[in-house]
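Asker: final.txt is reproduced below (compact mmCIF, C-alpha atoms).
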# COMPACT_ATOMS: atom_id res chain seq x y z
CA MET A 1 0.00 0.00 0.00
CA VAL A 2 0.91 3.63 -0.08
CA VAL A 3 2.26 4.22 3.41
CA LYS A 4 4.21 1.87 5.59
CA PRO A 5 1.72 0.28 7.98
CA ASP A 6 4.11 -0.08 10.93
CA LYS A 7 4.74 3.65 11.02
CA HIS A 8 1.10 4.59 10.89
CA ARG A 9 -0.45 1.76 12.87
CA ARG A 10 -1.29 3.84 15.89
CA GLN A 11 -1.79 7.12 14.14
CA ARG A 12 -4.68 9.24 15.35
CA ILE A 13 -6.12 12.21 13.60
CA PRO A 14 -5.93 15.14 16.03
CA ALA A 15 -9.20 16.84 17.03
CA LEU A 16 -11.26 15.17 14.32
CA ASN A 17 -14.62 15.46 16.04
CA ILE A 18 -14.21 19.10 17.01
CA LYS A 19 -13.08 19.98 13.51
CA PHE A 20 -15.99 18.08 12.04
CA ILE A 21 -18.61 19.83 14.15
CA THR A 22 -17.09 23.28 13.51
CA LEU A 23 -16.92 22.80 9.77
CA ILE A 24 -20.42 21.33 9.59
CA CYS A 25 -21.74 24.36 11.45
CA LEU A 26 -19.77 26.62 9.12
CA SER A 27 -21.19 24.99 6.01
CA PHE A 28 -24.74 25.19 7.37
CA LEU A 29 -24.09 28.87 8.03
CA LEU A 30 -22.89 29.28 4.46
CA LEU A 31 -25.95 27.42 3.14
CA PHE A 32 -28.39 29.61 5.03
CA SER A 33 -26.70 32.92 4.34
CA ASP A 34 -26.24 32.08 0.66
CA GLN A 35 -29.83 30.97 0.26
CA LYS A 36 -31.40 33.84 2.15
CA ASN A 37 -29.93 36.89 0.56
CA ASN A 38 -26.68 36.29 -1.30
CA TYR A 39 -24.67 37.76 1.56
CA LEU A 40 -21.47 36.28 0.25
CA PRO A 41 -20.73 37.74 -3.15
CA ILE A 42 -17.14 38.52 -2.17
CA LEU A 43 -16.35 34.95 -1.15
CA ARG A 44 -18.03 33.53 -4.23
CA ASN A 45 -16.38 36.08 -6.50
CA SER A 46 -12.91 35.44 -5.20
CA ILE A 47 -13.28 31.68 -5.63
CA ALA A 48 -14.73 32.26 -9.09
CA ILE A 49 -11.72 34.34 -10.12
CA ALA A 50 -9.46 31.56 -8.88
CA ILE A 51 -11.38 29.06 -11.03
CA HIS A 52 -11.46 31.28 -14.12
CA PRO A 53 -8.09 30.14 -15.53
CA ILE A 54 -9.24 26.52 -15.29
CA GLN A 55 -12.42 27.38 -17.15
CA THR A 56 -10.35 29.02 -19.87
CA VAL A 57 -8.13 25.97 -20.15
CA VAL A 58 -11.13 23.65 -20.41
CA ASN A 59 -12.58 25.82 -23.12
CA LEU A 60 -9.33 25.96 -25.08
CA PRO A 61 -9.68 22.79 -27.24
CA GLN A 62 -13.14 23.81 -28.38
CA ARG A 63 -11.97 27.31 -29.28
CA LEU A 64 -8.92 25.90 -31.05
CA TRP A 65 -11.17 23.58 -33.05
CA ARG A 66 -13.44 26.42 -34.09
CA TRP A 67 -10.46 28.61 -34.91
CA THR A 68 -8.96 25.89 -37.14
CA GLY A 69 -12.31 25.36 -38.79
CA GLU A 70 -12.66 29.06 -39.52
CA ASN A 71 -9.12 29.43 -40.79
CA LEU A 72 -8.95 26.34 -42.93
CA ALA A 73 -12.27 26.77 -44.69
CA SER A 74 -11.88 26.40 -48.44
CA ARG A 75 -12.26 29.27 -50.87
CA GLU A 76 -15.45 27.95 -52.43
CA GLU A 77 -17.02 27.57 -49.01
CA LEU A 78 -16.17 31.13 -48.15
CA ILE A 79 -17.54 32.41 -51.45
CA ILE A 80 -20.79 30.49 -50.96
CA ASN A 81 -21.04 31.72 -47.40
CA ASN A 82 -20.34 35.27 -48.45
CA LYS A 83 -23.00 35.13 -51.15
CA LYS A 84 -25.53 33.80 -48.71
CA LEU A 85 -24.72 36.50 -46.17
CA HIS A 86 -25.10 39.17 -48.84
CA GLU A 87 -28.53 37.84 -49.74
CA ASP A 88 -29.49 37.68 -46.08
CA GLU A 89 -28.32 41.22 -45.54
CA LEU A 90 -30.35 42.47 -48.48
CA TYR A 91 -33.42 40.72 -47.16
CA ASN A 92 -32.85 42.05 -43.63
CA GLU A 93 -32.40 45.60 -44.90
CA LEU A 94 -35.64 45.28 -46.77
CA THR A 95 -37.48 44.24 -43.62
CA LEU A 96 -35.69 46.91 -41.65
CA GLN A 97 -36.89 49.61 -44.07
CA ARG A 98 -40.42 48.59 -43.39
CA TYR A 99 -39.66 48.35 -39.70
CA ALA A 100 -38.25 51.89 -39.57
CA SER A 101 -41.38 53.37 -41.08
CA LEU A 102 -43.53 51.25 -38.75
CA GLU A 103 -41.55 52.39 -35.75
CA GLN A 104 -42.02 56.03 -36.74
CA GLU A 105 -45.69 55.43 -37.14
CA ASN A 106 -45.82 53.70 -33.78
CA ILE A 107 -44.09 56.63 -32.05
CA ARG A 108 -46.50 59.06 -33.74
CA LEU A 109 -49.51 57.04 -32.67
CA ARG A 110 -48.19 56.71 -29.15
CA LYS A 111 -47.74 60.47 -29.01
CA ILE A 112 -51.31 60.89 -30.06
CA LEU A 113 -52.34 58.46 -27.32
CA LYS A 114 -50.03 60.29 -24.89
CA ALA A 115 -48.45 56.95 -23.98
CA ALA A 116 -44.79 56.67 -23.05
CA SER A 117 -42.74 55.70 -26.05
CA ARG A 118 -40.72 52.59 -25.69
CA ILE A 119 -37.15 53.10 -24.68
CA LYS A 120 -34.58 51.72 -27.09
CA ASN A 121 -32.35 49.20 -25.39
CA SER A 122 -28.61 49.07 -25.85
CA VAL A 123 -27.19 45.61 -26.41
CA GLN A 124 -23.98 43.70 -26.04
CA ILE A 125 -22.97 40.32 -27.48
CA ALA A 126 -21.61 37.60 -25.21
CA ARG A 127 -20.39 34.07 -25.78
CA ILE A 128 -21.54 31.08 -23.74
CA ILE A 129 -18.45 29.38 -22.35
CA PHE A 130 -20.10 26.67 -20.24
CA THR A 131 -23.37 24.89 -20.34
CA ASP A 132 -23.51 21.72 -18.26
CA ILE A 133 -22.13 23.07 -15.02
CA ASN A 134 -24.83 21.56 -12.85
CA PRO A 135 -27.04 18.64 -13.88
CA PHE A 136 -29.93 19.81 -11.66
CA ARG A 137 -30.18 23.27 -13.12
CA HIS A 138 -30.21 24.94 -16.52
CA LEU A 139 -27.39 27.38 -15.98
CA VAL A 140 -24.82 28.69 -18.42
CA VAL A 141 -21.70 30.80 -17.95
CA ILE A 142 -21.05 33.67 -20.34
CA ASN A 143 -17.79 35.49 -20.98
CA LYS A 144 -18.94 38.94 -19.89
CA GLY A 145 -18.85 40.05 -16.26
CA GLU A 146 -18.89 43.10 -14.05
CA GLN A 147 -15.94 44.38 -16.06
CA ASP A 148 -18.36 44.79 -19.01
CA GLU A 149 -21.11 46.26 -16.83
CA VAL A 150 -23.24 43.16 -16.76
CA TYR A 151 -25.72 43.35 -13.89
CA ASN A 152 -27.95 40.90 -12.04
CA GLY A 153 -31.24 40.28 -13.78
CA GLN A 154 -30.02 41.42 -17.19
CA VAL A 155 -31.90 39.73 -20.00
CA LEU A 156 -30.35 37.34 -22.52
CA VAL A 157 -31.85 36.81 -25.96
CA ASP A 158 -30.58 35.11 -29.07
CA ALA A 159 -31.41 35.82 -32.69
CA SER A 160 -34.85 34.25 -32.37
CA GLY A 161 -36.12 34.75 -28.81
CA VAL A 162 -35.56 35.10 -25.08
CA VAL A 163 -32.92 32.79 -23.62
CA GLY A 164 -32.78 33.71 -19.93
CA GLN A 165 -31.45 36.21 -17.43
CA ILE A 166 -28.27 36.84 -15.45
CA LEU A 167 -28.32 35.17 -12.07
CA GLN A 168 -24.94 36.02 -10.70
CA THR A 169 -22.15 38.27 -11.87
CA ASN A 170 -18.45 37.71 -11.33
CA PHE A 171 -15.67 39.98 -12.41
CA LEU A 172 -14.82 38.27 -15.68
CA SER A 173 -17.81 36.02 -16.32
CA SER A 174 -21.40 35.68 -15.22
CA LYS A 175 -23.86 32.91 -14.64
CA ALA A 176 -27.21 33.00 -16.37
CA ILE A 177 -30.37 31.00 -15.74
CA LEU A 178 -32.26 29.76 -18.80
CA ILE A 179 -36.03 30.13 -19.14
CA SER A 180 -36.24 26.32 -19.09
CA ASP A 181 -34.87 26.00 -15.52
CA THR A 182 -37.40 24.64 -13.05
CA ASP A 183 -36.81 27.69 -10.88
CA HIS A 184 -37.58 30.18 -13.64
CA ALA A 185 -40.83 31.81 -14.73
CA ILE A 186 -41.33 34.61 -17.21
CA PRO A 187 -44.39 36.86 -17.61
CA VAL A 188 -45.71 36.57 -21.18
CA GLU A 189 -48.69 37.56 -23.24
CA ILE A 190 -50.21 36.06 -26.33
CA ASN A 191 -49.22 38.21 -29.26
CA ARG A 192 -52.58 37.75 -31.01
CA ASN A 193 -54.84 39.06 -28.27
CA GLY A 194 -52.71 40.20 -25.35
CA PHE A 195 -53.90 37.42 -23.01
CA ARG A 196 -51.50 37.40 -20.06
CA ALA A 197 -49.84 34.27 -18.72
CA ILE A 198 -46.68 32.97 -17.09
CA ALA A 199 -44.28 30.58 -18.80
CA GLN A 200 -42.54 28.29 -16.36
CA GLY A 201 -39.48 26.18 -17.07
CA ASN A 202 -39.87 22.48 -16.40
CA GLY A 203 -36.31 21.23 -16.71
CA THR A 204 -36.43 20.24 -20.37
CA PHE A 205 -34.95 22.38 -23.12
CA THR A 206 -37.88 21.84 -25.46
CA HIS A 207 -40.92 22.64 -23.34
CA LEU A 208 -42.29 25.35 -21.07
CA THR A 209 -45.34 24.92 -18.88
CA ILE A 210 -48.05 27.60 -18.95
CA PRO A 211 -49.95 27.21 -15.67
CA PHE A 212 -53.30 28.63 -14.58
CA ILE A 213 -54.93 28.95 -18.00
CA PRO A 214 -58.72 28.67 -17.62
CA ASN A 215 -60.43 26.09 -19.80
CA ASN A 216 -62.33 28.74 -21.71
CA ALA A 217 -59.36 31.04 -22.41
CA ASP A 218 -58.85 32.22 -25.97
CA ILE A 219 -55.65 30.37 -26.66
CA LYS A 220 -54.77 28.22 -29.66
CA VAL A 221 -52.01 25.87 -30.72
CA GLY A 222 -49.46 27.90 -32.66
CA ASP A 223 -50.04 31.15 -30.79
CA LEU A 224 -46.88 33.20 -30.29
CA MET A 225 -46.11 34.26 -26.74
CA VAL A 226 -44.02 37.40 -26.24
CA THR A 227 -42.70 39.00 -23.07
CA SER A 228 -45.29 41.26 -21.53
CA GLY A 229 -42.84 43.39 -19.58
CA LEU A 230 -45.12 43.19 -16.57
CA GLY A 231 -42.70 41.78 -14.02
CA GLY A 232 -40.37 44.69 -14.67
CA LYS A 233 -37.46 42.37 -15.37
CA PHE A 234 -37.95 41.57 -19.02
CA PRO A 235 -38.45 44.30 -21.62
CA ALA A 236 -41.75 43.87 -23.45
CA GLY A 237 -42.20 42.43 -26.91
CA TYR A 238 -39.50 39.78 -27.25
CA PRO A 239 -40.73 36.39 -28.52
CA VAL A 240 -40.54 33.58 -25.96
CA ALA A 241 -42.42 30.48 -27.04
CA ILE A 242 -45.07 29.01 -29.32
CA ILE A 243 -48.02 27.10 -27.89
CA GLU A 244 -47.53 23.45 -28.74
CA SER A 245 -50.37 21.61 -27.08
CA ILE A 246 -53.48 22.38 -25.05
CA SER A 247 -55.46 19.72 -23.25
CA ARG A 248 -58.74 20.91 -21.79
CA ASN A 249 -60.35 18.65 -19.26
CA PRO A 250 -63.75 19.88 -18.04
CA ALA A 251 -63.22 18.14 -14.70
CA GLN A 252 -60.12 20.21 -14.03
CA GLN A 253 -60.12 23.89 -13.25
CA PHE A 254 -57.22 24.74 -15.56
CA ALA A 255 -56.12 23.54 -18.96
CA ILE A 256 -52.71 21.93 -19.36
CA VAL A 257 -50.79 24.12 -21.79
CA ILE A 258 -47.33 23.31 -23.11
CA ALA A 259 -45.27 25.74 -25.17
CA LYS A 260 -42.08 25.32 -27.16
CA PRO A 261 -39.33 27.91 -26.60
CA ILE A 262 -38.37 29.74 -29.78
CA ALA A 263 -34.70 30.18 -28.88
CA SER A 264 -32.81 26.92 -29.31
CA LEU A 265 -31.79 26.80 -25.67
CA ASN A 266 -29.41 23.86 -25.87
CA GLN A 267 -27.65 24.90 -29.09
CA VAL A 268 -27.13 28.62 -28.71
CA ARG A 269 -23.50 29.81 -28.46
CA GLU A 270 -23.77 33.57 -28.86
CA VAL A 271 -26.31 35.54 -26.86
CA ILE A 272 -27.29 39.19 -26.81
CA LEU A 273 -27.41 41.00 -23.48
CA ILE A 274 -30.07 43.69 -23.36
CA ASN A 275 -29.37 46.72 -21.22
CA ASN A 276 -32.73 47.70 -19.80
CA ASN A 277 -31.63 50.52 -17.52
CA MET B 278 11.17 20.58 10.33
CA PRO B 279 11.92 17.27 8.68
CA SER B 280 8.29 16.14 8.62
CA GLU B 281 7.25 19.29 6.74
CA THR B 282 9.71 18.69 3.94
CA LYS B 283 8.78 15.01 3.85
CA ASN B 284 5.14 15.87 3.20
CA ASN B 285 5.89 18.24 0.37
CA PRO B 286 5.71 15.84 -2.60
CA ASN B 287 2.31 14.64 -1.34
CA LYS B 288 1.08 18.21 -1.15
CA ILE B 289 2.18 18.95 -4.69
CA ILE B 290 0.46 15.82 -5.96
CA VAL B 291 -2.74 16.72 -4.12
CA PHE B 292 -2.64 20.24 -5.54
CA ILE B 293 -2.21 18.97 -9.10
CA ALA B 294 -4.87 16.30 -8.54
CA THR B 295 -7.30 18.99 -7.32
CA LEU B 296 -6.62 21.06 -10.44
CA ILE B 297 -7.21 18.05 -12.71
CA CYS B 298 -10.32 17.28 -10.69
CA LEU B 299 -11.71 20.78 -11.36
CA LEU B 300 -10.83 20.45 -15.05
CA LEU B 301 -12.76 17.17 -15.19
CA ILE B 302 -15.73 18.73 -13.41
CA LEU B 303 -15.86 21.63 -15.83
CA VAL B 304 -15.10 19.76 -19.05
CA PRO B 305 -18.16 19.59 -21.30
CA MET B 306 -19.54 16.08 -21.85
CA PRO B 307 -21.48 14.70 -24.81
CA GLU B 308 -25.24 14.77 -24.37
CA ALA B 309 -25.52 10.98 -23.91
CA LEU B 310 -22.95 10.81 -21.10
CA LYS B 311 -23.98 14.00 -19.33
CA THR B 312 -25.84 12.33 -16.50
CA TYR B 313 -22.98 9.86 -15.97
CA LYS B 314 -20.42 12.44 -14.92
CA PRO B 315 -18.73 11.02 -11.81
CA ASP B 316 -18.16 13.06 -8.65
CA TRP B 317 -14.45 13.45 -9.30
CA SER B 318 -13.82 15.55 -6.21
CA LEU B 319 -15.51 13.01 -3.94
CA LEU B 320 -13.45 10.13 -5.33
CA LEU B 321 -10.24 12.12 -4.80
CA LEU B 322 -11.25 13.04 -1.25
CA ILE B 323 -12.14 9.45 -0.35
CA PHE B 324 -8.76 8.30 -1.62
CA LEU B 325 -6.91 10.98 0.35
CA ALA B 326 -8.90 10.29 3.50
CA ILE B 327 -8.08 6.58 3.32
CA HIS B 328 -4.38 6.90 2.58
CA ILE B 329 -3.08 10.18 4.00
CA PRO B 330 -5.77 11.23 6.49
CA LYS B 331 -3.30 12.99 8.73
CA GLU B 332 -2.54 15.64 6.13
CA PHE B 333 -5.77 15.80 4.21
CA ASN B 334 -9.01 15.32 6.06
CA LEU B 335 -11.89 17.66 6.84
CA GLY B 336 -10.21 20.95 5.96
CA ALA B 337 -9.38 19.72 2.47
CA ALA B 338 -12.90 18.33 2.08
CA PHE B 339 -14.42 21.68 3.03
CA LEU B 340 -12.18 23.71 0.71
CA ILE B 341 -12.55 21.39 -2.28
CA GLY B 342 -16.30 21.24 -1.63
CA LEU B 343 -16.49 25.04 -1.78
CA LEU B 344 -14.51 25.07 -5.04
CA VAL B 345 -16.95 22.54 -6.52
CA ASP B 346 -19.88 24.65 -5.30
CA VAL B 347 -18.62 27.71 -7.12
CA ALA B 348 -17.62 25.73 -10.21
CA LYS B 349 -21.03 24.08 -10.44
CA GLY B 350 -22.99 27.14 -9.43
CA SER B 351 -24.84 25.34 -6.66
CA LEU B 352 -25.66 26.82 -3.27
CA LEU B 353 -22.47 27.73 -1.42
CA GLY B 354 -21.82 24.96 1.10
CA GLN B 355 -23.87 22.20 -0.49
CA HIS B 356 -21.02 20.09 -1.83
CA ALA B 357 -18.84 21.18 1.10
CA LEU B 358 -21.36 19.74 3.58
CA ALA B 359 -21.78 16.48 1.65
CA SER B 360 -18.01 15.98 1.26
CA LEU B 361 -17.47 16.77 4.94
CA LEU B 362 -19.81 14.01 6.08
CA ILE B 363 -18.32 11.42 3.74
CA VAL B 364 -14.71 12.33 4.56
CA PHE B 365 -15.48 12.27 8.29
CA LEU B 366 -16.78 8.70 7.99
CA VAL B 367 -13.86 7.59 5.84
CA THR B 368 -11.29 9.18 8.15
CA LYS B 369 -12.88 7.48 11.18
CA PHE B 370 -12.60 4.07 9.57
CA HIS B 371 -9.55 4.60 7.37
CA LEU B 372 -7.52 1.81 9.02
CA GLN B 373 -10.24 -0.74 8.33
CA LEU B 374 -10.79 0.56 4.78
CA ARG B 375 -7.08 0.36 4.03
CA ILE B 376 -6.94 -3.41 4.43
CA PHE B 377 -10.11 -4.11 2.44
CA PRO B 378 -9.67 -5.90 -0.87
CA LEU B 379 -10.47 -3.76 -3.89
CA LEU B 380 -13.87 -5.31 -4.57
CA GLN B 381 -15.08 -4.79 -1.01
CA LEU B 382 -13.70 -1.25 -0.97
CA THR B 383 -15.51 -0.51 -4.24
CA ALA B 384 -18.77 -1.63 -2.67
CA ILE B 385 -18.16 0.70 0.28
CA VAL B 386 -17.29 3.56 -2.09
CA CYS B 387 -20.53 2.91 -3.97
CA LEU B 388 -22.44 3.28 -0.69
CA LEU B 389 -20.55 6.45 0.12
CA ILE B 390 -21.40 7.98 -3.27
CA ILE B 391 -25.04 7.08 -2.70
CA MET B 392 -24.89 8.91 0.63
CA TYR B 393 -23.23 11.90 -1.02
CA GLN B 394 -25.90 12.06 -3.72
CA PHE B 395 -28.57 11.71 -1.08
CA ILE B 396 -27.27 14.74 0.80
CA LEU B 397 -27.22 16.74 -2.45
CA PHE B 398 -30.75 15.52 -3.15
CA TRP B 399 -31.87 16.49 0.33
CA ILE B 400 -30.50 20.04 0.08
CA ASN B 401 -31.97 20.39 -3.43
CA GLY B 402 -35.28 19.23 -1.99
CA VAL B 403 -35.18 21.87 0.73
CA LEU B 404 -34.49 24.48 -1.95
CA GLY B 405 -37.28 23.19 -4.16
CA ILE B 406 -35.06 22.15 -7.07
CA SER B 407 -36.54 19.04 -8.64
CA SER B 408 -34.48 17.00 -10.99
CA PRO B 409 -34.91 13.64 -12.73
CA PHE B 410 -33.79 10.54 -10.81
CA GLN B 411 -31.12 9.65 -13.40
CA ASN B 412 -29.15 12.75 -12.46
CA TYR B 413 -28.60 11.27 -9.00
CA LEU B 414 -28.14 7.67 -10.15
CA GLY B 415 -25.69 8.41 -12.99
CA PRO B 416 -22.76 9.57 -10.82
CA VAL B 417 -23.21 6.54 -8.52
CA ILE B 418 -22.82 4.10 -11.42
CA SER B 419 -19.96 5.92 -13.13
CA GLY B 420 -18.20 6.69 -9.85
CA THR B 421 -18.28 3.05 -8.75
CA ILE B 422 -16.90 1.90 -12.08
CA ILE B 423 -14.17 4.49 -12.19
CA TRP B 424 -13.13 4.24 -8.53
CA SER B 425 -10.79 1.25 -8.97
CA ILE B 426 -8.97 2.99 -11.82
CA ILE B 427 -8.51 6.18 -9.83
CA ALA B 428 -7.39 4.30 -6.70
CA LYS B 429 -4.81 2.30 -8.67
CA LEU B 430 -3.54 5.38 -10.49
CA LEU B 431 -3.20 7.57 -7.42
CA SER B 432 -1.58 4.87 -5.26
CA GLN B 433 0.96 4.23 -8.03
CA LEU B 434 1.66 7.95 -8.10
CA PHE B 435 2.15 8.20 -4.33
CA LEU B 436 4.22 5.04 -4.28
CA TYR B 437 6.46 6.46 -6.99
CA THR B 438 7.12 9.69 -5.12
CA THR B 439 7.74 7.98 -1.77
CA SER B 440 10.13 5.44 -3.29
CA LYS B 441 12.08 8.16 -5.03
CA LYS B 442 13.10 9.77 -1.75
Can I see the file as structure tokens?

Answerer:
Amino acid sequence: MVVKPDKHRRQRIPALNIKFITLICLSFLLLFSDQKNNYLPILRNSIAIAIHPIQTVVNLPQRLWRWTGENLASREELIINNKKLHEDELYNELTLQRYASLEQENIRLRKILKAASRIKNSVQIARIIFTDINPFRHLVVINKGEQDEVYNGQVLVDASGVVGQILQTNFLSSKAILISDTDHAIPVEINRNGFRAIAQGNGTFTHLTIPFIPNNADIKVGDLMVTSGLGGKFPAGYPVAIIESISRNPAQQFAIVIAKPIASLNQVREVILINNN
Amino acid sequence: MPSETKNNPNKIIVFIATLICLLLILVPMPEALKTYKPDWSLLLLIFLAIHIPKEFNLGAAFLIGLLVDVAKGSLLGQHALASLLIVFLVTKFHLQLRIFPLLQLTAIVCLLIIMYQFILFWINGVLGISSPFQNYLGPVISGTIIWSIIAKLLSQLFLYTTSKK
């Protein structure tokens, strides 16, 4: 074996019980204070900074692979890609033209109605550097932190819809919770008629649960749900999910409604951070 | 301080092993194997508590547990508490565990991982985080399978450094 048995036969660990009880008490203290009000950002931050180099190292092969892929792409591929991007850009500009005039019209109408015009949000692009950090939660780590003025509760979207929000900021990176986490709920409304609801994560990437929908509510399969902006956390009007199935049982008070998130939550690599302040 | 200098190679090995452990915890896994990610830190701590409990016992368990908590984004103290309980048990009975044959020791380690997962499950339950059963079962299976490899590897490593002196 590793150590010579004759030397260690009568070895005793000094003060094991005392140490055990102290440390157990300490960890219970940590558990309570961390759960209650995040009293320990300094402790968590300093450990997170210590871990950051390791995270970078772990991420290195993947980045190297992507870098090689990008640098060794053939000429034809690049030309095809370029052509496609040009076409996309043309199409996007076309839609944007229409959008600009619509936005002007919207502002005019809102002025007529004396309603507050919507504030334009500034954005920032971040990369997801970790996804499966904890099997019980849907958390991701992004490469922007307090250094880049990321704040708690900041909203993450991707090109198609809402992804989640920032849960915890460190200096160089931050942790975000996805809308599919079991602990997460997002206030939404149906785009067609403004019916308000809440979309809850249920621990799968492909489904959200919409609780407390009365059996007679005007809601259809295929309805788009957008953020309602009612909770104050999410800015209004970003697409969240599409209703996938509704089962109405007259014996039950509420219908069982399942929606499919629009953002591809388990494939997204780049996210957009929306500054809502 | 002759004993201090004698312990140094062990400390370096433990430091490097902890770093590798964190790397393994953070490394992304393919979708199919995601639930079968072993509790690397627990396996390392069990090994240390059996073989060099005088140098690495509860303090190491607490610190490594905290590192894992931050790395995994769980509640601060969750993994620390679970590792503490397991390492306390192992340290108490390390002399008995040392003379067990590998198969018997693996069975004990399996039970210890089950306990560890149960504590995590219990704290998650208090917090209201529900998670499918496979997420708790996966590490038990993979950890039990991988334990013998880790034990052999680490004991070879320690043996090598002690024989070199």

Asker: Counting all atoms listed in the file, figure out which residue out of B:Leu382, B:Val367, B:Leu404, B:Leu296 gets nearest to B:Phe333.

Answerer: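 For B:Phe333, the nearest of the candidates is B:Val367.
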
Asker: Which of these, B:Pro409, B:Pro286, B:Pro416, B:Gly354, has the shortest distance to chain A once you count all atoms listed in the file?

Answerer: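 Between B:Pro409, B:Pro286, B:Pro416, B:Gly354, the residue approaching chain A most closely is B:Gly354.
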
Asker: One decimal, in Å: what's the spacing between atom CA of B:Val347 and atom CA of A:Leu23?

Answerer: 17.7 Å

Asker: Atom CA of B:Val345 and atom CA of B:Leu301, how far apart in Å?

Answerer: 11.0 Å

Asker: Only residues of chain A matter here; which ones have an atom within 9 Å of chain B, counting all atoms listed in the file? Give them as a PyMOL selection string.

Answerer: chain A and resi 1-3+9+11-14+16-17+19-20+23-24+26-35+40+44-45+47-48+51+54-55+57-59+130-137+139+175+182-183+203

Asker: To one decimal place, how far is atom CA of A:Ile262 from atom CA of A:Ser228 in Å?

Answerer: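 Distance between the two atoms: 15.8 Å.
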
Asker: Just want the 12 Å neighbourhood of stretch 121-125 of chain A, counted on only C-alpha atoms, with same-chain residues fewer than 3 positions away dropped. Output as a ChimeraX atom specification.

Answerer: /A:118,128,142-145,148-150,154-159,234-236,238,269-277

Asker: Using only C-alpha atoms, which protein or nucleic acid residues come within 7 Å of A:Phe254? Drop anything in the same chain fewer than 3 positions from it, and give the result as a list in words.

Answerer: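 Once the adjacent positions are removed, what remains is Phe212, Ile213, Pro214 and Asn215 of chain A.
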